>>> print(open('input_0.cif').read())   # mmCIF, C-alpha atoms
data_upload
loop_
_atom_site.label_atom_id
_atom_site.label_comp_id
_atom_site.auth_asym_id
_atom_site.auth_seq_id
_atom_site.Cartn_x
_atom_site.Cartn_y
_atom_site.Cartn_z
CA MET F 210 101.89 64.18 88.50
CA TYR F 211 98.19 63.37 88.17
CA ALA F 212 95.49 65.81 87.04
CA ILE F 213 92.19 65.47 88.86
CA THR F 214 88.88 66.99 87.77
CA GLY F 215 85.79 67.15 89.96
CA VAL F 216 87.62 68.00 93.20
CA THR F 217 84.80 70.33 94.30
CA GLY F 218 82.46 67.32 94.17
CA ASN F 219 82.53 63.92 95.81
CA THR F 220 84.60 61.42 93.86
CA GLY F 221 87.23 63.83 92.55
CA ALA F 222 87.93 65.09 96.04
CA ILE F 223 88.46 61.53 97.27
CA VAL F 224 90.80 60.77 94.36
CA ALA F 225 92.92 63.84 95.07
CA ASP F 226 92.89 63.26 98.82
CA THR F 227 93.94 59.62 98.40
CA LEU F 228 96.82 60.50 96.10
CA LEU F 229 98.09 63.34 98.28
CA ALA F 230 97.93 61.16 101.37
CA ALA F 231 100.12 58.64 99.53
CA GLY F 232 102.68 61.31 98.67
CA GLN F 233 101.76 61.47 94.99
CA PRO F 234 101.96 64.81 93.13
CA VAL F 235 98.55 66.19 92.21
CA ARG F 236 97.25 68.94 89.96
CA VAL F 237 93.63 69.81 90.70
CA VAL F 238 91.57 71.21 87.84
CA VAL F 239 88.95 73.71 88.96
CA ARG F 240 86.67 76.22 87.29
CA ASP F 241 87.30 78.81 90.02
CA ALA F 242 90.73 79.15 91.64
CA ALA F 243 89.15 80.44 94.84
CA ARG F 244 87.67 77.00 95.45
CA ALA F 245 91.10 75.35 95.38
CA ALA F 246 92.76 77.15 98.29
CA SER F 247 92.61 74.11 100.57
CA TRP F 248 94.20 71.92 97.90
CA ARG F 249 96.99 74.42 97.30
CA ALA F 250 97.63 74.51 101.05
CA ARG F 251 98.14 70.74 100.95
CA GLY F 252 100.74 71.03 98.20
CA ALA F 253 98.65 70.41 95.10
CA GLU F 254 99.16 72.39 91.92
CA VAL F 255 96.07 74.26 90.74
CA ALA F 256 94.98 74.57 87.12
CA VAL F 257 91.98 76.74 86.26
CA ALA F 258 89.89 75.35 83.43
CA ALA F 259 86.23 74.75 82.68
CA LEU F 260 85.74 71.36 81.09
CA GLU F 261 84.17 73.05 78.07
CA ASP F 262 87.25 75.28 77.59
CA THR F 263 89.39 72.98 75.47
CA ALA F 264 92.43 75.26 75.35
CA ALA F 265 92.57 75.74 79.14
CA LEU F 266 91.85 72.06 79.74
CA THR F 267 94.63 71.06 77.35
CA ALA F 268 97.08 73.15 79.38
CA ALA F 269 95.80 71.55 82.58
CA LEU F 270 96.36 68.02 81.22
CA ARG F 271 99.74 68.65 79.63
CA GLY F 272 102.74 66.90 81.20
CA VAL F 273 100.85 64.60 83.60
CA ALA F 274 101.12 60.82 83.84
CA GLY F 275 97.37 60.40 84.01
CA ALA F 276 94.11 62.22 84.64
CA TYR F 277 90.84 61.50 86.40
CA LEU F 278 88.02 62.72 84.16
CA LEU F 279 84.27 62.88 84.54
CA VAL F 280 81.17 64.29 82.89
CA PRO F 281 79.43 66.35 85.58
CA PRO F 282 75.62 66.19 85.78
CA ARG F 283 73.73 69.22 84.54
CA LEU F 284 70.44 68.74 86.29
CA GLY F 285 68.78 71.82 84.83
CA ALA F 286 69.85 71.28 81.21
CA ALA F 287 67.14 71.49 78.56
CA ASP F 288 69.10 69.07 76.36
CA PRO F 289 71.45 67.18 78.71
CA LEU F 290 72.67 64.66 76.14
CA ALA F 291 73.73 67.42 73.74
CA ASP F 292 75.40 69.35 76.56
CA ASN F 293 77.26 66.24 77.64
CA ARG F 294 78.42 65.53 74.10
CA ALA F 295 79.98 69.00 74.02
CA VAL F 296 81.82 68.30 77.29
CA VAL F 297 83.00 64.92 76.00
CA ALA F 298 84.24 66.52 72.78
CA SER F 299 86.27 68.99 74.84
CA LEU F 300 87.68 66.24 77.09
CA ALA F 301 88.73 64.15 74.11
CA ALA F 302 90.26 67.07 72.22
CA ALA F 303 92.18 68.23 75.29
CA ALA F 304 93.45 64.70 76.00
CA ARG F 305 94.60 64.40 72.41
CA ASP F 306 96.23 67.82 72.20
CA ALA F 307 97.94 67.45 75.59
CA GLY F 308 99.32 64.02 74.68
CA LEU F 309 97.64 62.57 77.78
CA PRO F 310 99.03 59.05 78.24
CA HIS F 311 96.25 57.68 80.47
CA ALA F 312 92.73 58.69 81.44
CA VAL F 313 90.64 57.17 84.21
CA LEU F 314 87.04 58.01 83.36
CA LEU F 315 84.24 57.87 85.92
CA SER F 316 81.79 55.77 83.93
CA SER F 317 78.83 53.65 85.02
CA VAL F 318 77.42 50.19 85.16
CA GLY F 319 75.51 49.73 81.89
CA ALA F 320 77.80 51.99 79.86
CA GLN F 321 78.38 49.21 77.33
CA HIS F 322 74.96 50.12 75.91
CA ALA F 323 74.35 53.10 73.64
CA ASP F 324 70.71 53.50 74.66
CA GLY F 325 68.07 52.42 77.15
CA THR F 326 70.11 53.54 80.16
CA GLY F 327 69.11 57.17 80.71
CA PRO F 328 71.98 59.52 81.65
CA ILE F 329 74.43 56.62 81.32
CA ARG F 330 74.13 57.04 77.55
CA SER F 331 76.53 59.99 77.79
CA LEU F 332 79.14 57.80 79.46
CA HIS F 333 78.93 55.23 76.66
CA HIS F 334 79.75 58.06 74.28
CA ALA F 335 82.55 59.33 76.55
CA GLU F 336 84.19 55.90 76.67
CA GLN F 337 84.11 55.65 72.89
CA ALA F 338 85.52 59.15 72.35
CA LEU F 339 88.34 58.97 74.90
CA ALA F 340 89.46 55.50 73.85
CA GLN F 341 90.30 56.95 70.43
CA VAL F 342 92.81 59.45 71.82
CA THR F 343 94.41 57.93 74.95
CA ALA F 344 94.82 54.74 76.95
CA LEU F 345 91.51 54.56 78.79
CA THR F 346 90.53 52.98 82.07
CA ALA F 347 86.74 53.11 82.19
CA LEU F 348 85.80 52.88 85.87
CA ARG F 349 82.21 51.69 85.60
CA ALA F 350 80.80 52.39 89.02
CA ALA F 351 77.61 50.86 90.35
CA TYR F 352 74.66 52.91 91.59
CA PHE F 353 75.96 55.34 94.21
CA MET F 354 75.04 54.26 97.75
CA ASP F 355 75.28 57.93 98.65
CA ASN F 356 72.15 58.62 96.55
CA TRP F 357 70.04 57.13 99.35
CA VAL F 358 71.00 60.03 101.61
CA ALA F 359 68.61 62.27 99.62
CA VAL F 360 65.55 60.31 100.81
CA LEU F 361 66.57 59.64 104.41
CA GLY F 362 64.14 62.29 105.60
CA ALA F 363 61.32 59.82 105.01
CA VAL F 364 62.86 57.30 107.41
CA ALA F 365 61.29 59.13 110.37
CA GLN F 366 57.92 58.12 108.89
CA GLY F 367 59.09 54.52 108.57
CA MET F 368 59.46 54.65 104.77
CA LEU F 369 62.27 54.40 102.25
CA PRO F 370 60.98 55.59 98.85
CA THR F 371 62.26 53.74 95.79
CA PHE F 372 61.59 53.75 92.05
CA VAL F 373 63.08 50.26 91.72
CA PRO F 374 60.94 47.34 92.94
CA PRO F 375 62.02 46.74 96.56
CA GLY F 376 62.97 43.10 96.07
CA ILE F 377 65.32 43.60 93.12
CA SER F 378 69.00 43.46 94.08
CA PHE F 379 71.42 45.51 92.00
CA PRO F 380 75.03 46.68 92.41
CA MET F 381 75.71 49.73 94.55
CA VAL F 382 78.98 51.34 95.63
CA ALA F 383 80.12 54.10 97.99
CA THR F 384 81.79 57.20 96.56
CA ARG F 385 84.74 56.52 98.89
CA ASP F 386 85.37 53.23 97.11
CA ILE F 387 85.07 54.97 93.74
CA GLY F 388 87.66 57.60 94.63
CA ARG F 389 90.09 55.10 96.10
CA SER F 390 89.76 52.77 93.10
CA ALA F 391 90.31 55.63 90.66
CA ALA F 392 93.44 56.71 92.54
CA ALA F 393 94.76 53.15 92.46
CA ALA F 394 94.10 52.90 88.71
CA LEU F 395 95.99 56.14 88.08
CA VAL F 396 99.04 55.00 90.03
CA GLU F 397 98.94 51.57 88.38
CA GLY F 398 99.06 53.25 84.99
CA PRO F 399 97.67 52.41 81.57
CA HIS F 400 96.79 48.96 80.26
CA GLY F 401 95.52 49.93 76.82
CA ARG F 402 91.74 50.06 76.99
CA ARG F 403 90.52 48.59 80.27
CA VAL F 404 87.11 48.35 81.94
CA ILE F 405 86.82 48.06 85.72
CA GLU F 406 83.35 47.17 87.00
CA LEU F 407 83.22 48.47 90.57
CA GLY F 408 80.57 47.44 93.08
CA GLY F 409 80.28 47.49 96.83
CA PRO F 410 80.90 44.53 99.17
CA ARG F 411 77.67 42.98 97.87
CA ASP F 412 74.59 43.87 95.87
CA TYR F 413 71.61 45.36 97.71
CA SER F 414 67.90 45.76 97.14
CA ALA F 415 65.90 48.69 98.45
CA ALA F 416 64.50 46.23 101.00
CA ASP F 417 68.08 45.52 102.14
CA VAL F 418 68.74 49.24 102.53
CA ALA F 419 65.53 49.61 104.54
CA ALA F 420 66.57 46.69 106.78
CA ALA F 421 69.93 48.34 107.39
CA LEU F 422 68.20 51.58 108.33
CA SER F 423 65.86 49.70 110.67
CA ALA F 424 68.85 48.19 112.44
CA LEU F 425 70.59 51.56 112.72
CA THR F 426 67.57 53.48 114.00
CA GLY F 427 65.89 50.78 116.05
CA GLN F 428 62.64 51.64 114.24
CA PRO F 429 60.88 49.69 111.49
CA VAL F 430 61.60 51.03 108.00
CA THR F 431 59.88 49.66 104.90
CA ALA F 432 60.99 50.13 101.31
CA THR F 433 58.02 51.75 99.58
CA ALA F 434 57.76 51.46 95.80
CA ALA F 435 56.67 54.44 93.71
CA PRO F 436 55.54 54.01 90.10
CA LEU F 437 57.88 54.96 87.26
CA ASP F 438 55.31 57.52 86.14
CA ALA F 439 56.09 59.44 89.34
CA VAL F 440 59.77 59.92 88.46
CA VAL F 441 59.36 62.94 86.18
CA PRO F 442 56.98 64.96 88.41
CA THR F 443 59.05 64.11 91.48
CA PHE F 444 62.38 65.10 89.96
CA THR F 445 61.09 68.24 88.25
CA GLY F 446 59.71 69.17 91.67
CA PHE F 447 63.31 69.07 92.90
CA GLY F 448 64.30 71.56 90.18
CA MET F 449 65.52 69.19 87.47
CA SER F 450 64.57 69.83 83.86
CA ILE F 451 61.98 67.60 82.22
CA ALA F 452 64.63 66.18 79.89
CA VAL F 453 66.90 65.20 82.79
CA ALA F 454 64.00 63.71 84.75
CA GLU F 455 62.97 61.63 81.73
CA LEU F 456 66.50 60.24 81.50
CA PHE F 457 66.35 59.18 85.14
CA ARG F 458 63.03 57.46 84.48
CA GLU F 459 64.71 55.50 81.69
CA MET F 460 67.59 54.59 84.00
CA TYR F 461 65.31 53.27 86.75
CA ALA F 462 63.43 51.23 84.17
CA GLY F 463 66.77 49.89 82.94
CA ILE F 464 67.79 48.85 86.45
CA ALA F 465 64.49 47.04 86.97
CA SER F 466 64.68 45.27 83.59
CA GLY F 467 68.33 44.26 83.98
CA ARG F 468 69.63 46.40 81.13
CA VAL F 469 71.64 48.57 83.52
CA ALA F 470 73.91 45.74 84.59
CA TRP F 471 77.50 44.57 84.35
CA GLU F 472 78.94 43.69 80.98
CA GLY F 473 81.20 40.95 82.34
CA GLY F 474 83.47 39.24 79.84
CA ALA F 475 86.89 40.87 79.72
CA ALA F 476 85.92 43.57 82.24
CA GLN F 477 87.75 43.46 85.58
CA ALA F 478 85.30 42.96 88.45
CA VAL F 479 86.30 44.79 91.64
CA ARG F 480 84.50 44.93 94.97
CA GLY F 481 84.82 47.88 97.32
CA SER F 482 84.85 47.58 101.11
CA VAL F 483 82.34 50.21 102.29
CA PRO F 484 78.89 48.77 103.20
CA ILE F 485 75.61 50.65 102.98
CA GLU F 486 75.45 50.93 106.79
CA GLU F 487 78.65 52.96 106.86
CA VAL F 488 77.39 55.35 104.19
CA VAL F 489 74.07 56.19 105.86
CA ARG F 490 75.22 56.07 109.49
CA GLY F 491 75.55 59.59 110.79
CA ARG F 492 73.42 61.01 107.98
CA LEU F 493 70.14 60.13 109.61
CA SER F 494 68.09 63.08 110.85
#
>>> encode(input="input_0.cif", output="structure tokens")
Amino acid sequence: MYAITGVTGNTGAIVADTLLAAGQPVRVVVRDAARAASWRARGAEVAVAALEDTAALTAALRGVAGAYLLVPPRLGAADPLADNRAVVASLAAAARDAGLPHAVLLSSVGAQHADGTGPIRSLHHAEQALAQVTALTALRAAYFMDNWVAVLGAVAQGMLPTFVPPGISFPMVATRDIGRSAAAALVEGPHGRRVIELGGPRDYSAADVAAALSALTGQPVTATAAPLDAVVPTFTGFGMSIAVAELFREMYAGIASGRVAWEGGAAQAVRGSVPIEEVVRGRLS
């Protein structure tokens, strides 16, 4: 039996779906039982627990062979790092109290650093905390290809906005590859503390993404750079808190400077199979 958090989002749903399709027993962990009806219909167990509710989460993790854990974004949080530390403390305490033998944590490229990486800082802390209480597989995913979907509306005007200089290539990965890799790591089981650095078939620049969109649409699309100083007003305009927007500014600066990059060394490098074209195809307006 494997416990899966985040099934109402993207990666957790793919993890659970992959395991169920392979005939593996699954327990989905949800905040609201009403949102798990489709999983129950497919044969999954349902555990109701908020990640901040340590007692309920402990019960949800008890008796499983492994669990897929994540730290969900809180885009409106006034103090996102403090909020995330509280979630991490609950995850670690629940894993310890449940005797969880193996956790696969959705982490991020750059999580080897304690600072200078924006929201990834919370995942550095999560890796450290969970490794003290269970065998940890830190699945350090690259920048989500799916993030580009949010700006595809500009493609009709021939532009692809980017806060990273258009010519800089950096690792990206599809959420489908993340979910499948997490499911495989759960079934494979624990290897002490392990780091998997997961990218897509190749690295991409914003200019590469724009070229892919040009080929798909038959219209010229140009990656258009915006200054880092535009990150905070842009993201707060989308409803994010100032503190969250400032963390994203730091992350984009870290990508451009090379700080948000693979650690290498003993980490296991894995390449997914889903290209950027497959992610954005069908999502174009």
>>> closest_atom_pairs(input="input_0.cif", of="region 363-399 of chain F", to="region 439-452 of chain F", cutoff="12 Å", atoms="only C-alpha atoms", output="JSON lines")
{"residue": "F:Pro370", "atom": "CA", "partner": "F:Val440", "partner_atom": "CA", "distance": 11.3}
{"residue": "F:Thr371", "atom": "CA", "partner": "F:Val440", "partner_atom": "CA", "distance": 9.9}
{"residue": "F:Phe372", "atom": "CA", "partner": "F:Val440", "partner_atom": "CA", "distance": 7.4}
{"residue": "F:Val373", "atom": "CA", "partner": "F:Val440", "partner_atom": "CA", "distance": 10.7}
>>> resolve_selection(input="input_0.cif", expression="the PyMOL selection byres ((chain F and resi 227-233) around 9)", output="VMD selection string")
chain F and resid 210 to 211 222 to 226 234 to 235 251 to 253 388 to 389 392 to 393 396
>>> write_last_selection(input="input_0.cif", atoms="C-alpha atoms", output="PDB file, in the coordinates of the input")
ATOM      1  CA  MET F 210     101.890  64.180  88.500  1.00  0.00           C
ATOM      2  CA  TYR F 211      98.190  63.370  88.170  1.00  0.00           C
ATOM      3  CA  ALA F 222      87.930  65.090  96.040  1.00  0.00           C
ATOM      4  CA  ILE F 223      88.460  61.530  97.270  1.00  0.00           C
ATOM      5  CA  VAL F 224      90.800  60.770  94.360  1.00  0.00           C
ATOM      6  CA  ALA F 225      92.920  63.840  95.070  1.00  0.00           C
ATOM      7  CA  ASP F 226      92.890  63.260  98.820  1.00  0.00           C
ATOM      8  CA  PRO F 234     101.960  64.810  93.130  1.00  0.00           C
ATOM      9  CA  VAL F 235      98.550  66.190  92.210  1.00  0.00           C
ATOM     10  CA  ARG F 251      98.140  70.740 100.950  1.00  0.00           C
ATOM     11  CA  GLY F 252     100.740  71.030  98.200  1.00  0.00           C
ATOM     12  CA  ALA F 253      98.650  70.410  95.100  1.00  0.00           C
ATOM     13  CA  GLY F 388      87.660  57.600  94.630  1.00  0.00           C
ATOM     14  CA  ARG F 389      90.090  55.100  96.100  1.00  0.00           C
ATOM     15  CA  ALA F 392      93.440  56.710  92.540  1.00  0.00           C
ATOM     16  CA  ALA F 393      94.760  53.150  92.460  1.00  0.00           C
ATOM     17  CA  VAL F 396      99.040  55.000  90.030  1.00  0.00           C
TER      18      VAL F 396
END
>>> closest_residue(input="input_0.cif", among="F:Gly272, F:Phe379, F:Glu455, F:Gly367", to="Gly427 (chain F)", atoms="all atoms listed in the file")
F:Gly367
>>> resolve_selection(input="input_0.cif", expression="the PyMOL selection byres ((chain F and resi 429) around 12)", output="list of chain:residue names")
F:Val364, F:Ala365, F:Gln366, F:Gly367, F:Met368, F:Leu369, F:Ala416, F:Val418, F:Ala419, F:Ala420, F:Ala421, F:Leu422, F:Ser423, F:Ala424, F:Leu425, F:Thr426, F:Gly427, F:Gln428, F:Val430, F:Thr431, F:Ala432
>>> residues_near_point(input="input_0.cif", point="(82.4, 48.5, 92.8)", cutoff="8 Å", atoms="only C-alpha atoms", output="list in words")
Arg349, Ala350, Ala351, Pro380, Met381, Val382, Ala383, Asp386, Ile387, Glu406, Leu407, Gly408, Gly409, Pro410, Ala478, Val479, Arg480 and Gly481 of chain F
>>> resolve_selection(input="input_0.cif", expression="the PyMOL selection byres ((chain F and resi 255) around 9)", output="PDB file with C-alpha atoms, in the coordinates of the input")
ATOM      1  CA  VAL F 235      98.550  66.190  92.210  1.00  0.00           C
ATOM      2  CA  ARG F 236      97.250  68.940  89.960  1.00  0.00           C
ATOM      3  CA  VAL F 237      93.630  69.810  90.700  1.00  0.00           C
ATOM      4  CA  VAL F 238      91.570  71.210  87.840  1.00  0.00           C
ATOM      5  CA  VAL F 239      88.950  73.710  88.960  1.00  0.00           C
ATOM      6  CA  ALA F 242      90.730  79.150  91.640  1.00  0.00           C
ATOM      7  CA  ALA F 245      91.100  75.350  95.380  1.00  0.00           C
ATOM      8  CA  ALA F 246      92.760  77.150  98.290  1.00  0.00           C
ATOM      9  CA  TRP F 248      94.200  71.920  97.900  1.00  0.00           C
ATOM     10  CA  ARG F 249      96.990  74.420  97.300  1.00  0.00           C
ATOM     11  CA  ALA F 253      98.650  70.410  95.100  1.00  0.00           C
ATOM     12  CA  GLU F 254      99.160  72.390  91.920  1.00  0.00           C
ATOM     13  CA  ALA F 256      94.980  74.570  87.120  1.00  0.00           C
ATOM     14  CA  VAL F 257      91.980  76.740  86.260  1.00  0.00           C
ATOM     15  CA  ALA F 269      95.800  71.550  82.580  1.00  0.00           C
TER      16      ALA F 269
END
>>> residues_around(input="input_0.cif", residues="Val296 (chain F)", least_positions_apart="6", cutoff="7 Å", atoms="only C-alpha atoms", output="MDAnalysis selection string")
chainID F and resid 260:261 280
>>> atom_distance(input="input_0.cif", atom1="CA of Asp324 (chain F)", atom2="CA of Asp412 (chain F)")
23.6 Å
